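Have a look at the structure below before the remarks.
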Amino acid sequence: MKAKVKSFIGAAVVISLVSGCSQQQASQSVVDEVKTSAPILNEPVEITVYSAPGDSEESWNENFGNAIKKKFPNYKIHFINPRGNDALKIQNQMVAGQNIDIYYESIGAFFSNVPDYGIQFDMSDLVKKYKLDVNRFEPTTLEAMKQNAGGQLWGLPVYTNSMVLYYNKDIFDKFAVPYPLDGMSWDEVLTIARKLNKSDGGKQYMGLAVSPAHILKMNPFSIPMVDKVSGTVTINKDERWRQLFQTYFVEPASDTGYQEAIQAMGNRLPYTGEFVKDGSVAMFEMLSNLPTLIPEFSNINWDMVSTPTFKELPGVGTQSYPTYFAIPNFSKHKEEAFQIIQYLTSDEVQKENARKGVMSVLNGQEFKDIYGKDSKFQGKNYKAVFYDRFPNIMSKTQYDAIAEKAYTKSIVDLSLGKMDLNTLFRTVEEEANKGIESIKKK
């Protein structure tokens, strides 16, 4: 369906750019425009920002919008949050003729959606023109862009995430279990988790929960979900997937009480709500920026430690998970948009956001030392975010969204013991490859 939308939208965008020209000619005209036009700094202009993650305008302003308004007072920012409104989905906005100057999205979907919508635009000429020093960036974030965009710069990283292990101190205290520590292995954490799979006062506690999609696509082995050459899933081609699924989903839920809790929740795995609202999960492996997004963190007695590691990869955490800011190829204000993105990657903005608990994409110990200093959650173990080094970011394909859906679809059955790993892997391979093949034929 999306491929059909892409085809229709692509035609509409080309017509709006250069009437009567071929798509190739239109793309060339866009490049020529960037090379020859001069930035307009003294005239008011409306910049439209599209939040693919569906961020609230309040959080956007807190982290970026207010800084932009102060730096560029003549720029009026029109912010689009599509969450819960189909009319605001980017494909519908493009069909309606809505201009978009900045599109941002996390790496988890960026390389699926950007080419699928046909909005990719190489920012390399603008980087040269405005002398942006790309060596300032944490290297895996830019290498991932170049690797997955054929050497082009479809976007620049503006902030990133790692994964950390959050824990509820009250649950640990209740059962007199020592708190986890930085640098623990998965075997050590699973041992702790088993001690916390307990029922007390009619309430079932679960020792450990993880975010399935994030932990798989940020895996420390950097195994891609889809092989870039063959365009088929790797789940039965790399034995390390077996170790990951066993560690993340089978072992934590091996307790009978844990499985009964899954069933009581309507056959779903415990997630953020069970950690911050229900208070039934003792440890939760999730993105490092979660406390900045979930107000309920203020209601629990929590802290965090570094993500557990595998014995094969000592000192290696999860992959970095950058959010890229891109300029769609149909943007009417490419130079102004680039100036904004460049400013958001400046030391000034990166330091200010780092102090709030937004992970910087820039190299330098100074960005780590101030991380979380101005957060409303003082006294937390913020150094856990940087405890281990980042592995390379796994290669991405436009089929990753299809693969991810298949990889995570039957995890509940696996955790409940209703499906073994062999069956799950075979099912994932058949379902995902079938879906990928159907896209290839369109």
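Ordering of the structure tokens sets the chain letters (A, B, ...); residue numbers start at 1 within each chain; ligands are numbered from 1 in the order shown.
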So which bits of range 47-154 of chain A end up helix (DSSP H, G or I) when you DSSP the backbone, as an mmCIF file with N, CA and C atoms, in the first residue's frame?
data_model
loop_
_atom_site.group_PDB
_atom_site.id
_atom_site.type_symbol
_atom_site.label_atom_id
_atom_site.label_comp_id
_atom_site.auth_asym_id
_atom_site.auth_seq_id
_atom_site.Cartn_x
_atom_site.Cartn_y
_atom_site.Cartn_z
ATOM 1 N N GLU A 57 4.420 19.176 20.699
ATOM 2 C CA GLU A 57 5.017 20.477 20.406
ATOM 3 C C GLU A 57 5.708 21.045 21.648
ATOM 4 N N GLU A 58 5.198 20.694 22.806
ATOM 5 C CA GLU A 58 5.811 21.161 24.052
ATOM 6 C C GLU A 58 7.224 20.616 24.208
ATOM 7 N N SER A 59 7.404 19.313 23.980
ATOM 8 C CA SER A 59 8.741 18.724 24.112
ATOM 9 C C SER A 59 9.664 19.221 22.997
ATOM 10 N N TRP A 60 9.106 19.427 21.790
ATOM 11 C CA TRP A 60 9.894 19.980 20.695
ATOM 12 C C TRP A 60 10.422 21.362 21.061
ATOM 13 N N ASN A 61 9.551 22.209 21.577
ATOM 14 C CA ASN A 61 9.980 23.564 21.939
ATOM 15 C C ASN A 61 11.021 23.546 23.055
ATOM 16 N N GLU A 62 10.827 22.674 24.016
ATOM 17 C CA GLU A 62 11.762 22.616 25.141
ATOM 18 C C GLU A 62 13.169 22.249 24.680
ATOM 19 N N ASN A 63 13.262 21.294 23.763
ATOM 20 C CA ASN A 63 14.577 20.812 23.340
ATOM 21 C C ASN A 63 15.154 21.547 22.135
ATOM 22 N N PHE A 64 14.280 22.038 21.242
ATOM 23 C CA PHE A 64 14.786 22.620 19.996
ATOM 24 C C PHE A 64 14.100 23.928 19.591
ATOM 25 N N GLY A 65 12.774 23.938 19.669
ATOM 26 C CA GLY A 65 12.016 25.073 19.144
ATOM 27 C C GLY A 65 12.385 26.402 19.766
ATOM 28 N N ASN A 66 12.512 26.463 21.079
ATOM 29 C CA ASN A 66 12.845 27.726 21.745
ATOM 30 C C ASN A 66 14.226 28.220 21.342
ATOM 31 N N ALA A 67 15.168 27.301 21.202
ATOM 32 C CA ALA A 67 16.524 27.684 20.783
ATOM 33 C C ALA A 67 16.512 28.236 19.359
ATOM 34 N N ILE A 68 15.705 27.618 18.484
ATOM 35 C CA ILE A 68 15.607 28.082 17.094
ATOM 36 C C ILE A 68 15.006 29.486 17.041
ATOM 37 N N LYS A 69 13.941 29.712 17.796
ATOM 38 C CA LYS A 69 13.286 31.018 17.801
ATOM 39 C C LYS A 69 14.236 32.120 18.270
ATOM 40 N N LYS A 70 15.071 31.791 19.228
ATOM 41 C CA LYS A 70 16.021 32.772 19.755
ATOM 42 C C LYS A 70 17.116 33.069 18.743
ATOM 43 N N LYS A 71 17.596 32.034 18.058
ATOM 44 C CA LYS A 71 18.683 32.196 17.089
ATOM 45 C C LYS A 71 18.189 32.786 15.780
ATOM 46 N N ASP A 86 -4.552 10.798 11.059
ATOM 47 C CA ASP A 86 -4.160 10.257 9.760
ATOM 48 C C ASP A 86 -3.975 11.334 8.708
ATOM 49 N N ALA A 87 -4.726 12.411 8.804
ATOM 50 C CA ALA A 87 -4.617 13.491 7.818
ATOM 51 C C ALA A 87 -3.236 14.136 7.849
ATOM 52 N N LEU A 88 -2.563 14.020 8.991
ATOM 53 C CA LEU A 88 -1.236 14.623 9.139
ATOM 54 C C LEU A 88 -0.104 13.659 8.810
ATOM 55 N N ILE A 90 2.610 11.832 6.705
ATOM 56 C CA ILE A 90 3.391 12.555 5.703
ATOM 57 C C ILE A 90 2.892 12.303 4.291
ATOM 58 N N GLN A 91 2.479 11.076 3.967
ATOM 59 C CA GLN A 91 2.009 10.817 2.613
ATOM 60 C C GLN A 91 0.768 11.639 2.281
ATOM 61 N N ASN A 92 -0.105 11.815 3.278
ATOM 62 C CA ASN A 92 -1.306 12.624 3.060
ATOM 63 C C ASN A 92 -0.971 14.111 2.997
ATOM 64 N N GLN A 93 -0.003 14.538 3.784
ATOM 65 C CA GLN A 93 0.429 15.929 3.740
ATOM 66 C C GLN A 93 1.057 16.266 2.390
ATOM 67 N N MET A 94 1.811 15.342 1.847
ATOM 68 C CA MET A 94 2.452 15.576 0.559
ATOM 69 C C MET A 94 1.420 15.630 -0.567
ATOM 70 N N VAL A 95 0.459 14.742 -0.524
ATOM 71 C CA VAL A 95 -0.603 14.759 -1.533
ATOM 72 C C VAL A 95 -1.378 16.072 -1.473
ATOM 73 N N ILE A 107 16.664 6.355 13.775
ATOM 74 C CA ILE A 107 17.266 5.431 12.813
ATOM 75 C C ILE A 107 16.444 4.160 12.644
ATOM 76 N N GLY A 108 15.607 3.850 13.635
ATOM 77 C CA GLY A 108 14.820 2.632 13.562
ATOM 78 C C GLY A 108 13.905 2.563 12.358
ATOM 79 N N ALA A 109 13.434 3.707 11.886
ATOM 80 C CA ALA A 109 12.529 3.722 10.733
ATOM 81 C C ALA A 109 12.995 4.643 9.614
ATOM 82 N N PHE A 110 14.026 5.434 9.871
ATOM 83 C CA PHE A 110 14.462 6.444 8.910
ATOM 84 C C PHE A 110 14.766 5.847 7.538
ATOM 85 N N PHE A 111 15.534 4.770 7.505
ATOM 86 C CA PHE A 111 15.975 4.219 6.221
ATOM 87 C C PHE A 111 14.924 3.334 5.556
ATOM 88 N N SER A 112 13.820 3.112 6.238
ATOM 89 C CA SER A 112 12.666 2.485 5.592
ATOM 90 C C SER A 112 11.760 3.557 5.004
ATOM 91 N N ASN A 113 11.444 4.557 5.810
ATOM 92 C CA ASN A 113 10.438 5.541 5.405
ATOM 93 C C ASN A 113 10.939 6.576 4.407
ATOM 94 N N VAL A 114 12.140 7.086 4.606
ATOM 95 C CA VAL A 114 12.627 8.154 3.717
ATOM 96 C C VAL A 114 12.675 7.706 2.256
ATOM 97 N N PRO A 115 13.294 6.546 1.939
ATOM 98 C CA PRO A 115 13.250 6.123 0.527
ATOM 99 C C PRO A 115 11.871 5.658 0.087
ATOM 100 N N ASP A 116 11.094 5.125 1.025
ATOM 101 C CA ASP A 116 9.761 4.656 0.662
ATOM 102 C C ASP A 116 8.874 5.820 0.238
ATOM 103 N N TYR A 117 8.993 6.944 0.930
ATOM 104 C CA TYR A 117 8.229 8.132 0.558
ATOM 105 C C TYR A 117 8.895 8.903 -0.581
ATOM 106 N N SER A 124 25.086 16.907 1.193
ATOM 107 C CA SER A 124 26.552 17.020 1.132
ATOM 108 C C SER A 124 27.015 18.393 0.640
ATOM 109 N N ASP A 125 26.363 18.924 -0.385
ATOM 110 C CA ASP A 125 26.765 20.236 -0.902
ATOM 111 C C ASP A 125 26.546 21.333 0.135
ATOM 112 N N LEU A 126 25.479 21.221 0.889
ATOM 113 C CA LEU A 126 25.215 22.205 1.930
ATOM 114 C C LEU A 126 26.223 22.091 3.070
ATOM 115 N N VAL A 127 26.632 20.885 3.373
ATOM 116 C CA VAL A 127 27.660 20.675 4.397
ATOM 117 C C VAL A 127 28.952 21.379 3.997
ATOM 118 N N LYS A 128 29.313 21.255 2.713
ATOM 119 C CA LYS A 128 30.530 21.915 2.221
ATOM 120 C C LYS A 128 30.362 23.426 2.197
ATOM 121 N N LYS A 129 29.227 23.869 1.710
ATOM 122 C CA LYS A 129 28.995 25.307 1.568
ATOM 123 C C LYS A 129 29.062 26.027 2.911
ATOM 124 N N VAL A 134 32.082 17.609 9.995
ATOM 125 C CA VAL A 134 31.437 16.339 10.310
ATOM 126 C C VAL A 134 32.293 15.469 11.224
ATOM 127 N N ASN A 135 33.555 15.820 11.396
ATOM 128 C CA ASN A 135 34.423 15.052 12.287
ATOM 129 C C ASN A 135 34.064 15.256 13.759
ATOM 130 N N ARG A 136 33.199 16.231 14.029
ATOM 131 C CA ARG A 136 32.783 16.490 15.405
ATOM 132 C C ARG A 136 31.787 15.436 15.902
ATOM 133 N N PRO A 139 31.328 8.901 15.638
ATOM 134 C CA PRO A 139 31.511 8.316 14.301
ATOM 135 C C PRO A 139 30.463 7.302 13.857
ATOM 136 N N THR A 140 29.927 6.477 14.761
ATOM 137 C CA THR A 140 28.985 5.454 14.289
ATOM 138 C C THR A 140 27.712 6.068 13.732
ATOM 139 N N THR A 141 27.337 7.262 14.203
ATOM 140 C CA THR A 141 26.086 7.877 13.737
ATOM 141 C C THR A 141 26.195 8.337 12.283
ATOM 142 N N LEU A 142 27.365 8.873 11.904
ATOM 143 C CA LEU A 142 27.552 9.311 10.513
ATOM 144 C C LEU A 142 27.893 8.147 9.603
ATOM 145 N N GLU A 143 28.647 7.180 10.115
ATOM 146 C CA GLU A 143 28.975 6.009 9.299
ATOM 147 C C GLU A 143 27.706 5.266 8.909
ATOM 148 N N ALA A 144 26.754 5.188 9.836
ATOM 149 C CA ALA A 144 25.492 4.520 9.530
ATOM 150 C C ALA A 144 24.741 5.250 8.422
ATOM 151 N N MET A 145 24.784 6.570 8.451
ATOM 152 C CA MET A 145 24.125 7.347 7.403
ATOM 153 C C MET A 145 24.761 7.069 6.049
ATOM 154 N N LYS A 146 26.073 7.151 5.980
ATOM 155 C CA LYS A 146 26.765 6.949 4.700
ATOM 156 C C LYS A 146 26.569 5.527 4.185
ATOM 157 N N GLN A 147 26.636 4.565 5.103
ATOM 158 C CA GLN A 147 26.505 3.169 4.718
ATOM 159 C C GLN A 147 25.123 2.867 4.137
ATOM 160 N N ASN A 148 24.097 3.471 4.722
ATOM 161 C CA ASN A 148 22.735 3.127 4.344
ATOM 162 C C ASN A 148 22.118 4.082 3.326
#
Show me, as JSON lines, the residues of range 279-340 of chain A having an atom within 8 Å of range 345-362 of chain A, each with the closest atom pair and its distance in Å, using only C-alpha atoms.
{"residue": "A:Asn289", "atom": "CA", "partner": "A:Val358", "partner_atom": "CA", "distance": 6.5}
{"residue": "A:Thr292", "atom": "CA", "partner": "A:Gly357", "partner_atom": "CA", "distance": 7.1}
{"residue": "A:Pro322", "atom": "CA", "partner": "A:Val361", "partner_atom": "CA", "distance": 7.6}
With a distance cut-off of 12 Å and only C-alpha atoms, select the neighbouring residues of range 262-264 of chain A, excluding the residue or stretch itself and same-chain residues fewer than 3 positions from it, and output the selection as a PDB file with N, CA and C atoms, in the first residue's frame.
ATOM      1  N   LYS A 203       0.000  -9.436  44.574  1.00  0.00           N
ATOM      2  CA  LYS A 203       0.585  -8.762  43.411  1.00  0.00           C
ATOM      3  C   LYS A 203       1.768  -9.557  42.890  1.00  0.00           C
ATOM      4  N   GLN A 204       1.795  -9.791  41.570  1.00  0.00           N
ATOM      5  CA  GLN A 204       2.897 -10.507  40.956  1.00  0.00           C
ATOM      6  C   GLN A 204       3.961  -9.527  40.495  1.00  0.00           C
ATOM      7  N   TYR A 205       5.181  -9.716  40.981  1.00  0.00           N
ATOM      8  CA  TYR A 205       6.316  -8.890  40.564  1.00  0.00           C
ATOM      9  C   TYR A 205       7.130  -9.643  39.522  1.00  0.00           C
ATOM     10  N   MET A 206       7.644  -8.890  38.548  1.00  0.00           N
ATOM     11  CA  MET A 206       8.459  -9.472  37.473  1.00  0.00           C
ATOM     12  C   MET A 206       9.852  -8.861  37.525  1.00  0.00           C
ATOM     13  N   ALA A 209      12.082  -6.829  32.408  1.00  0.00           N
ATOM     14  CA  ALA A 209      11.381  -6.662  31.135  1.00  0.00           C
ATOM     15  C   ALA A 209      12.266  -5.852  30.205  1.00  0.00           C
ATOM     16  N   PRO A 252      13.966 -14.421  31.053  1.00  0.00           N
ATOM     17  CA  PRO A 252      13.259 -13.586  32.019  1.00  0.00           C
ATOM     18  C   PRO A 252      11.870 -14.102  32.377  1.00  0.00           C
ATOM     19  N   ALA A 253      11.203 -14.772  31.421  1.00  0.00           N
ATOM     20  CA  ALA A 253       9.821 -15.204  31.624  1.00  0.00           C
ATOM     21  C   ALA A 253       9.706 -16.685  31.947  1.00  0.00           C
ATOM     22  N   SER A 254      10.801 -17.311  32.371  1.00  0.00           N
ATOM     23  CA  SER A 254      10.770 -18.756  32.618  1.00  0.00           C
ATOM     24  C   SER A 254      10.006 -19.109  33.895  1.00  0.00           C
ATOM     25  N   ASP A 255       9.768 -18.123  34.763  1.00  0.00           N
ATOM     26  CA  ASP A 255       9.032 -18.345  36.001  1.00  0.00           C
ATOM     27  C   ASP A 255       7.527 -18.443  35.724  1.00  0.00           C
ATOM     28  N   THR A 256       6.878 -19.374  36.409  1.00  0.00           N
ATOM     29  CA  THR A 256       5.438 -19.584  36.199  1.00  0.00           C
ATOM     30  C   THR A 256       4.632 -18.336  36.526  1.00  0.00           C
ATOM     31  N   GLY A 257       4.980 -17.657  37.623  1.00  0.00           N
ATOM     32  CA  GLY A 257       4.264 -16.447  38.005  1.00  0.00           C
ATOM     33  C   GLY A 257       4.378 -15.359  36.956  1.00  0.00           C
ATOM     34  N   TYR A 258       5.557 -15.233  36.346  1.00  0.00           N
ATOM     35  CA  TYR A 258       5.783 -14.252  35.284  1.00  0.00           C
ATOM     36  C   TYR A 258       4.872 -14.551  34.099  1.00  0.00           C
ATOM     37  N   GLN A 259       4.793 -15.823  33.730  1.00  0.00           N
ATOM     38  CA  GLN A 259       3.946 -16.211  32.600  1.00  0.00           C
ATOM     39  C   GLN A 259       2.471 -15.969  32.891  1.00  0.00           C
ATOM     40  N   ASN A 267      -2.153 -11.252  27.387  1.00  0.00           N
ATOM     41  CA  ASN A 267      -1.146 -11.860  26.518  1.00  0.00           C
ATOM     42  C   ASN A 267      -0.254 -10.816  25.844  1.00  0.00           C
ATOM     43  N   ARG A 268       0.329  -9.998  26.656  1.00  0.00           N
ATOM     44  CA  ARG A 268       1.340  -9.052  26.185  1.00  0.00           C
ATOM     45  C   ARG A 268       2.472  -8.991  27.196  1.00  0.00           C
ATOM     46  N   LEU A 269       3.637  -8.571  26.732  1.00  0.00           N
ATOM     47  CA  LEU A 269       4.791  -8.481  27.618  1.00  0.00           C
ATOM     48  C   LEU A 269       4.709  -7.218  28.468  1.00  0.00           C
ATOM     49  N   PRO A 270       5.265  -7.252  29.683  1.00  0.00           N
ATOM     50  CA  PRO A 270       5.308  -6.028  30.494  1.00  0.00           C
ATOM     51  C   PRO A 270       6.150  -4.973  29.798  1.00  0.00           C
ATOM     52  N   TYR A 271       5.747  -3.722  29.977  1.00  0.00           N
ATOM     53  CA  TYR A 271       6.428  -2.642  29.264  1.00  0.00           C
ATOM     54  C   TYR A 271       6.520  -1.425  30.193  1.00  0.00           C
ATOM     55  N   GLU A 274       4.066  -1.000  33.219  1.00  0.00           N
ATOM     56  CA  GLU A 274       4.276  -1.891  34.351  1.00  0.00           C
ATOM     57  C   GLU A 274       5.459  -1.446  35.203  1.00  0.00           C
ATOM     58  N   SER A 280       5.196  -3.092  39.015  1.00  0.00           N
ATOM     59  CA  SER A 280       5.329  -4.543  39.141  1.00  0.00           C
ATOM     60  C   SER A 280       6.599  -5.081  38.493  1.00  0.00           C
ATOM     61  N   VAL A 281       7.323  -4.241  37.751  1.00  0.00           N
ATOM     62  CA  VAL A 281       8.560  -4.663  37.092  1.00  0.00           C
ATOM     63  C   VAL A 281       9.752  -4.084  37.851  1.00  0.00           C
ATOM     64  N   ILE A 411       6.831 -13.144  20.046  1.00  0.00           N
ATOM     65  CA  ILE A 411       7.651 -13.168  21.258  1.00  0.00           C
ATOM     66  C   ILE A 411       6.824 -13.550  22.480  1.00  0.00           C
ATOM     67  N   VAL A 412       5.568 -13.142  22.542  1.00  0.00           N
ATOM     68  CA  VAL A 412       4.722 -13.512  23.674  1.00  0.00           C
ATOM     69  C   VAL A 412       4.568 -15.029  23.750  1.00  0.00           C
ATOM     70  N   ASP A 413       4.288 -15.655  22.618  1.00  0.00           N
ATOM     71  CA  ASP A 413       4.159 -17.118  22.595  1.00  0.00           C
ATOM     72  C   ASP A 413       5.467 -17.789  22.996  1.00  0.00           C
ATOM     73  N   LEU A 414       6.582 -17.214  22.576  1.00  0.00           N
ATOM     74  CA  LEU A 414       7.885 -17.748  22.968  1.00  0.00           C
ATOM     75  C   LEU A 414       8.073 -17.639  24.480  1.00  0.00           C
ATOM     76  N   SER A 415       7.739 -16.484  25.039  1.00  0.00           N
ATOM     77  CA  SER A 415       7.905 -16.265  26.477  1.00  0.00           C
ATOM     78  C   SER A 415       6.988 -17.162  27.305  1.00  0.00           C
ATOM     79  N   LEU A 416       5.822 -17.486  26.759  1.00  0.00           N
ATOM     80  CA  LEU A 416       4.874 -18.351  27.468  1.00  0.00           C
ATOM     81  C   LEU A 416       5.177 -19.829  27.280  1.00  0.00           C
ATOM     82  N   GLY A 417       6.178 -20.151  26.455  1.00  0.00           N
ATOM     83  CA  GLY A 417       6.522 -21.541  26.209  1.00  0.00           C
ATOM     84  C   GLY A 417       5.601 -22.223  25.222  1.00  0.00           C
TER      85      GLY A 417
END
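Counting only C-alpha atoms and comparing A:Ser185, A:Asn299, A:Thr408, A:Gln98, the residue that lies closest to Asp388 in chain A is A:Ser185.
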Excluding Ile171 in chain A and its own-chain neighbours fewer than 3 positions away, which residues fall within 6 Å of it when counting only C-alpha atoms? Please give them as a VMD selection string. chain A and resid 168 174 282
Would you kindly return, as an MDAnalysis selection string, each protein, DNA or RNA residue with an atom no farther than 12 Å from any atom of Ile235 in chain A, considering only C-alpha atoms and excluding same-chain residues fewer than 2 positions away? chainID A and resid 216 223:227 232:233 237:245 403:404 406:408 421:433
Filtering to C-alpha atoms, could you give me those residues as a compact mmCIF listing (two decimals), in the first residue's frame?
# COMPACT_ATOMS: atom_id res chain seq x y z
CA LEU A 216 16.80 -6.34 18.86
CA ILE A 223 23.50 -8.21 13.39
CA PRO A 224 21.21 -6.71 10.73
CA MET A 225 17.64 -7.92 10.52
CA VAL A 226 17.81 -8.03 6.73
CA ASP A 227 20.81 -8.92 4.62
CA THR A 232 16.22 -11.60 3.02
CA VAL A 233 16.08 -11.85 6.81
CA LYS A 237 21.62 -17.26 9.06
CA ASP A 238 23.32 -16.10 12.25
CA GLU A 239 23.32 -18.28 15.36
CA ARG A 240 23.72 -15.26 17.62
CA TRP A 241 20.05 -14.45 17.13
CA ARG A 242 19.31 -17.59 19.13
CA GLN A 243 21.42 -16.32 22.02
CA LEU A 244 19.70 -12.93 21.93
CA PHE A 245 16.15 -14.32 21.94
CA ALA A 403 11.29 -7.70 9.29
CA GLU A 404 10.89 -6.05 12.68
CA ALA A 406 7.86 -10.47 12.01
CA TYR A 407 10.76 -10.70 14.51
CA THR A 408 8.61 -9.40 17.37
CA LEU A 421 12.97 -21.02 19.05
CA ASN A 422 13.14 -23.28 16.00
CA THR A 423 9.46 -22.76 15.24
CA LEU A 424 9.65 -19.03 15.87
CA PHE A 425 12.70 -18.57 13.65
CA ARG A 426 11.14 -20.59 10.83
CA THR A 427 7.91 -18.61 11.10
CA VAL A 428 9.76 -15.29 11.14
CA GLU A 429 11.81 -16.24 8.09
CA GLU A 430 8.80 -17.36 6.05
CA GLU A 431 6.59 -14.44 6.99
CA ALA A 432 9.20 -11.70 6.65
CA ASN A 433 10.67 -12.93 3.36
Based on DSSP run over this structure's backbone, return all residues of range 236-356 of chain A in strand (DSSP E), as a list in words. Val281, Ala282, Met283, Phe284, Glu285, Met286, Leu287, Trp302, Asp303, Met304, Val305, Ser306, Thr323, Tyr324, Phe325 and Ala326 of chain A
So that I have them on file, write out the residues from the current selection with C-alpha atoms, as a PDB file, in the first residue's frame.
ATOM      1  CA  VAL A 281       8.560  -4.663  37.092  1.00  0.00           C
ATOM      2  CA  ALA A 282      11.835  -4.499  39.023  1.00  0.00           C
ATOM      3  CA  MET A 283      14.199  -3.885  36.083  1.00  0.00           C
ATOM      4  CA  PHE A 284      13.411  -2.462  32.662  1.00  0.00           C
ATOM      5  CA  GLU A 285      15.831  -2.305  29.734  1.00  0.00           C
ATOM      6  CA  MET A 286      14.906   0.676  27.584  1.00  0.00           C
ATOM      7  CA  LEU A 287      16.156   3.825  25.825  1.00  0.00           C
ATOM      8  CA  TRP A 302      14.257   4.579  40.488  1.00  0.00           C
ATOM      9  CA  ASP A 303      17.820   4.637  39.269  1.00  0.00           C
ATOM     10  CA  MET A 304      19.726   3.112  36.367  1.00  0.00           C
ATOM     11  CA  VAL A 305      22.865   1.141  35.532  1.00  0.00           C
ATOM     12  CA  SER A 306      24.629   0.304  32.305  1.00  0.00           C
ATOM     13  CA  THR A 323      17.595  10.644  15.341  1.00  0.00           C
ATOM     14  CA  TYR A 324      18.360  12.198  11.964  1.00  0.00           C
ATOM     15  CA  PHE A 325      17.127  15.580  10.788  1.00  0.00           C
ATOM     16  CA  ALA A 326      16.574  15.584   7.032  1.00  0.00           C
TER      17      ALA A 326
END
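In terms of minimum interatomic distance to Trp186 in chain A, A:Leu313 ranks closest within A:Leu293, A:Leu313, A:Ile402, A:Leu156, counting only C-alpha atoms.
Among the candidates A:Ile294, A:Met218, A:Ala176, A:Leu181, the residue lying nearest to Ala384 in chain A is A:Leu181 (atoms considered: only C-alpha atoms).
Taking only C-alpha atoms, the non-local environment of Lys383 in chain A within 9 Å (same-chain residues fewer than 2 positions away omitted) comprises A:Val305, A:Ser306, A:Lys368, A:Asp369, A:Tyr371, A:Lys380, A:Asn381, A:Val385, A:Phe386, A:Tyr387.
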So that I have them on file, write out the residues from the current selection with C-alpha atoms, as a CSV table (one decimal), in the first residue's frame.
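Saved file selection_11.csv follows:
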chain,number,residue,atom,x,y,z
A,305,VAL,CA,22.9,1.1,35.5
A,306,SER,CA,24.6,0.3,32.3
A,368,LYS,CA,29.3,13.3,28.8
A,369,ASP,CA,30.4,15.1,32.0
A,371,TYR,CA,24.9,14.9,30.9
A,380,LYS,CA,20.8,9.5,39.3
A,381,ASN,CA,23.6,7.4,37.9
A,385,VAL,CA,24.6,5.9,29.7
A,386,PHE,CA,28.3,6.1,28.6
A,387,TYR,CA,29.7,3.2,30.6
